[in-house]
Amino acid sequence: MLRLSARIAPALRGAGLPFLPVLALTIMVIGMGIMQPRATSYIGLQLILRFVPPMIFAALAQLCVITASDIDFGIGPFISLVNCIAATLLSSHPALCFLLLAAGVAAYGAMGAFIQIRRLPSIVVTLGASFIWLGLALLIMPTPAGSAPDWLVALAHWRAPYLPLPILVGVLAAIFSQWFFRMSSYGVVLRGLGSAPPFLRDAGWSLVVARSALYALAGLFGVISGLMLTALISSGDANVGTPYTLLSVAAVIVGGSSFTGGVISPIGAVVGAFIMLLTGVLLSFTPISSDWQLSVQGLLLLLVLGLRALSRRHA
């Protein structure tokens with residue numbers, strides 16, 4: 001275990017508080033307040049950030065997979081599948097709904113075990129799984145329909161004291177994920193899968209169980225994201241989660257994580273989710289067409305990667 005800790009230590013040091021993403025988010029909020037002062041009021045933030053919670057948990061789902069030095073190209077369609085199941089069954093057959101969602105989490109865990117056992121590229125497996133998730137979603141709901149139960153809608157629109165609900169969700173998600181991945185012993189072990197798998201195996205841990213646990217946790221976060229999205233749109237749509245695939249990757253990387261080595265920043269992933277959403281909000285306050293939103297988000301990702309490479313060169 002001492003050898004394992006020594007090998008993982010560089011990854012632990014590389015996953016600290018994401019100063020640059022926090023600074024960028026602060027500048028974006030200040031700029032938004034200057035351009036539209038009402039946007040930074042309680043009600044303004046509640047409305048503008050209402051779609052942040054699904055993005056946060058999609059980013060955390062992607063973070064779990066990136067922890068294993070993998071990447072998930074199926075999280076968006078999986079969120080769509082959760083949305084369709086919830087919009088169809090949650091009101092009328094809640095027990096069956098939660099059983100199917102639990103099966104989805106188990107399927108994600110099994111996918112992780114399959115990748116580890118067969119030593120397959122995660123990109124190929126998750127991309128193939130994305131077609132399965134999308135096909136099931138279309139089978140359940142060929143056209144947008146369904147509805148969310150009143151209690152779920154009320155929960156998503158609850159006005160929390162002092163802080164708007166999206167910010168409160170972000171703070172709680174950041175605290176939990178930071179504790180789990182950086183402070184809990186099991187979180188450290190799971191990060192060892194991405195930074196030092198041979199040492200993890202020599203310490204007596206199963207790589208199959210570790211990767212399966214990370215993927216199952218990603219599936220759980222995907223379920224939470226899909227339920228939150230269902231509450232916000234109050235219906236089901238087989239394509240509603242598609243953008244979350246690339247946005248979740250961008251949020252995690254912008255937040256300070258790396259694709260390999262188990263170097264992750266849980267707080268940064270949450271901050272990155274806010275940044276990716278506020279990018280579009282800021283564009284809406286300018287004369288620039290909203291059609292440029294994806295291009296700006298892509299440029300932002302390239303800028304972050306370029307600055308990170310430059311900082312490493314001078315380190």
# chains A, B, ... in the order shown; residues from 1 in each chain; ligands from 1
$ residues_around --residues "stretch 167-170 of chain A" --least-positions-apart "5" --cutoff "10 Å" --atoms "only C-alpha atoms" --output "ChimeraX atom specification"
/A:45-46,49-50,52-57,160-162,175-176,267,270-271,273-274
$ residues_around --residues "A:Ala86" --least-positions-apart "6" --cutoff "8 Å" --atoms "only C-alpha atoms" --output "ChimeraX atom specification"
/A:97,148,227,230,236
$ closest_residue --among "A:Leu81, A:Leu282, A:Leu190, A:Met111" --to "A:Ile66" --atoms "only C-alpha atoms"
A:Leu190
$ residues_around --residues "A:Leu217" --least-positions-apart "2" --cutoff "10 Å" --atoms "only C-alpha atoms" --output "PyMOL selection string"
chain A and resi 60-65+105-106+108-109+211-215+219-223
$ write_last_selection --atoms "C-alpha atoms" --output "PDB file, in the first residue's frame"
ATOM      1  CA  LEU A  60     -19.230  14.351 -12.850  1.00  0.00           C
ATOM      2  CA  ALA A  61     -20.251  11.230 -14.781  1.00  0.00           C
ATOM      3  CA  GLN A  62     -17.591  12.001 -17.370  1.00  0.00           C
ATOM      4  CA  LEU A  63     -15.125  12.739 -14.565  1.00  0.00           C
ATOM      5  CA  CYS A  64     -15.575   9.213 -13.187  1.00  0.00           C
ATOM      6  CA  VAL A  65     -14.690   7.683 -16.543  1.00  0.00           C
ATOM      7  CA  VAL A 105     -26.505   1.894 -13.574  1.00  0.00           C
ATOM      8  CA  ALA A 106     -25.714  -1.829 -13.440  1.00  0.00           C
ATOM      9  CA  TYR A 108     -22.788   0.979 -16.956  1.00  0.00           C
ATOM     10  CA  GLY A 109     -20.850  -0.959 -14.327  1.00  0.00           C
ATOM     11  CA  ARG A 211     -13.188   0.162 -13.304  1.00  0.00           C
ATOM     12  CA  SER A 212     -16.661  -1.303 -12.860  1.00  0.00           C
ATOM     13  CA  ALA A 213     -17.175   0.866  -9.762  1.00  0.00           C
ATOM     14  CA  LEU A 214     -16.117   4.019 -11.611  1.00  0.00           C
ATOM     15  CA  TYR A 215     -18.442   3.280 -14.520  1.00  0.00           C
ATOM     16  CA  GLY A 219     -24.103   5.736 -14.546  1.00  0.00           C
ATOM     17  CA  LEU A 220     -25.528   6.923 -11.226  1.00  0.00           C
ATOM     18  CA  PHE A 221     -24.531  10.511 -11.956  1.00  0.00           C
ATOM     19  CA  GLY A 222     -26.035  10.107 -15.435  1.00  0.00           C
ATOM     20  CA  VAL A 223     -29.329   8.996 -13.888  1.00  0.00           C
TER      21      VAL A 223
END
$ atom_distance --atom1 "atom CA of A:Phe131" --atom2 "atom CA of A:Ala238"
11.6 Å
$ select_by_dssp --residues "stretch 33-207 of chain A" --states "helix (DSSP H, G or I)" --output "PyMOL selection string"
chain A and resi 33-35+37-40+42-48+52-67+75-89+94-118+122-140+150-156+165-183+185-195+197-202+207
$ residues_around --residues "stretch 28-44 of chain A" --least-positions-apart "2" --cutoff "10 Å" --atoms "only C-alpha atoms" --output "VMD selection string"
chain A and resid 22 to 26 46 to 50 159 161 to 165 274 to 275 278 to 279 281 to 283 285 to 286
$ closest_residue --among "A:Val296, A:Leu277, A:Ile117, A:Leu229" --to "A:Leu152" --atoms "only C-alpha atoms"
A:Leu229
$ closest_residue --among "A:Asp237, A:Tyr186, A:Asp150, A:Ala251" --to "A:Ser92" --atoms "only C-alpha atoms"
A:Asp150
$ atom_distance --atom1 "atom CA of A:Ile115" --atom2 "atom CA of A:Gly298"
28.8 Å
$ decode --residues "stretch 265-278 of chain A" --atoms "N, CA and C atoms" --output "mmCIF file, in the first residue's frame"
data_model
loop_
_atom_site.group_PDB
_atom_site.id
_atom_site.type_symbol
_atom_site.label_atom_id
_atom_site.label_comp_id
_atom_site.auth_asym_id
_atom_site.auth_seq_id
_atom_site.Cartn_x
_atom_site.Cartn_y
_atom_site.Cartn_z
ATOM 1 N N SER A 265 -9.925 16.954 -11.220
ATOM 2 C CA SER A 265 -10.299 18.028 -10.306
ATOM 3 C C SER A 265 -11.816 18.029 -10.171
ATOM 4 N N PRO A 266 -12.351 17.396 -9.133
ATOM 5 C CA PRO A 266 -13.815 17.347 -8.970
ATOM 6 C C PRO A 266 -14.449 18.736 -8.890
ATOM 7 N N ILE A 267 -13.832 19.624 -8.089
ATOM 8 C CA ILE A 267 -14.358 20.987 -8.008
ATOM 9 C C ILE A 267 -14.284 21.649 -9.376
ATOM 10 N N GLY A 268 -13.183 21.412 -10.083
ATOM 11 C CA GLY A 268 -13.020 21.999 -11.402
ATOM 12 C C GLY A 268 -14.075 21.538 -12.385
ATOM 13 N N ALA A 269 -14.503 20.271 -12.282
ATOM 14 C CA ALA A 269 -15.550 19.771 -13.172
ATOM 15 C C ALA A 269 -16.856 20.527 -12.952
ATOM 16 N N VAL A 270 -17.175 20.803 -11.693
ATOM 17 C CA VAL A 270 -18.386 21.574 -11.375
ATOM 18 C C VAL A 270 -18.253 22.997 -11.901
ATOM 19 N N VAL A 271 -17.096 23.611 -11.658
ATOM 20 C CA VAL A 271 -16.862 24.971 -12.160
ATOM 21 C C VAL A 271 -16.925 24.985 -13.687
ATOM 22 N N GLY A 272 -16.351 23.944 -14.314
ATOM 23 C CA GLY A 272 -16.385 23.857 -15.765
ATOM 24 C C GLY A 272 -17.793 23.782 -16.310
ATOM 25 N N ALA A 273 -18.694 23.111 -15.594
ATOM 26 C CA ALA A 273 -20.093 23.035 -16.023
ATOM 27 C C ALA A 273 -20.715 24.431 -16.037
ATOM 28 N N PHE A 274 -20.433 25.223 -15.004
ATOM 29 C CA PHE A 274 -20.930 26.602 -14.979
ATOM 30 C C PHE A 274 -20.343 27.406 -16.138
ATOM 31 N N ILE A 275 -19.058 27.228 -16.402
ATOM 32 C CA ILE A 275 -18.399 27.989 -17.465
ATOM 33 C C ILE A 275 -19.016 27.670 -18.821
ATOM 34 N N MET A 276 -19.230 26.388 -19.105
ATOM 35 C CA MET A 276 -19.771 26.012 -20.409
ATOM 36 C C MET A 276 -21.170 26.569 -20.613
ATOM 37 N N LEU A 277 -21.986 26.619 -19.559
ATOM 38 C CA LEU A 277 -23.336 27.169 -19.708
ATOM 39 C C LEU A 277 -23.298 28.686 -19.824
ATOM 40 N N LEU A 278 -22.474 29.342 -19.006
ATOM 41 C CA LEU A 278 -22.425 30.808 -19.020
ATOM 42 C C LEU A 278 -21.830 31.354 -20.303
#
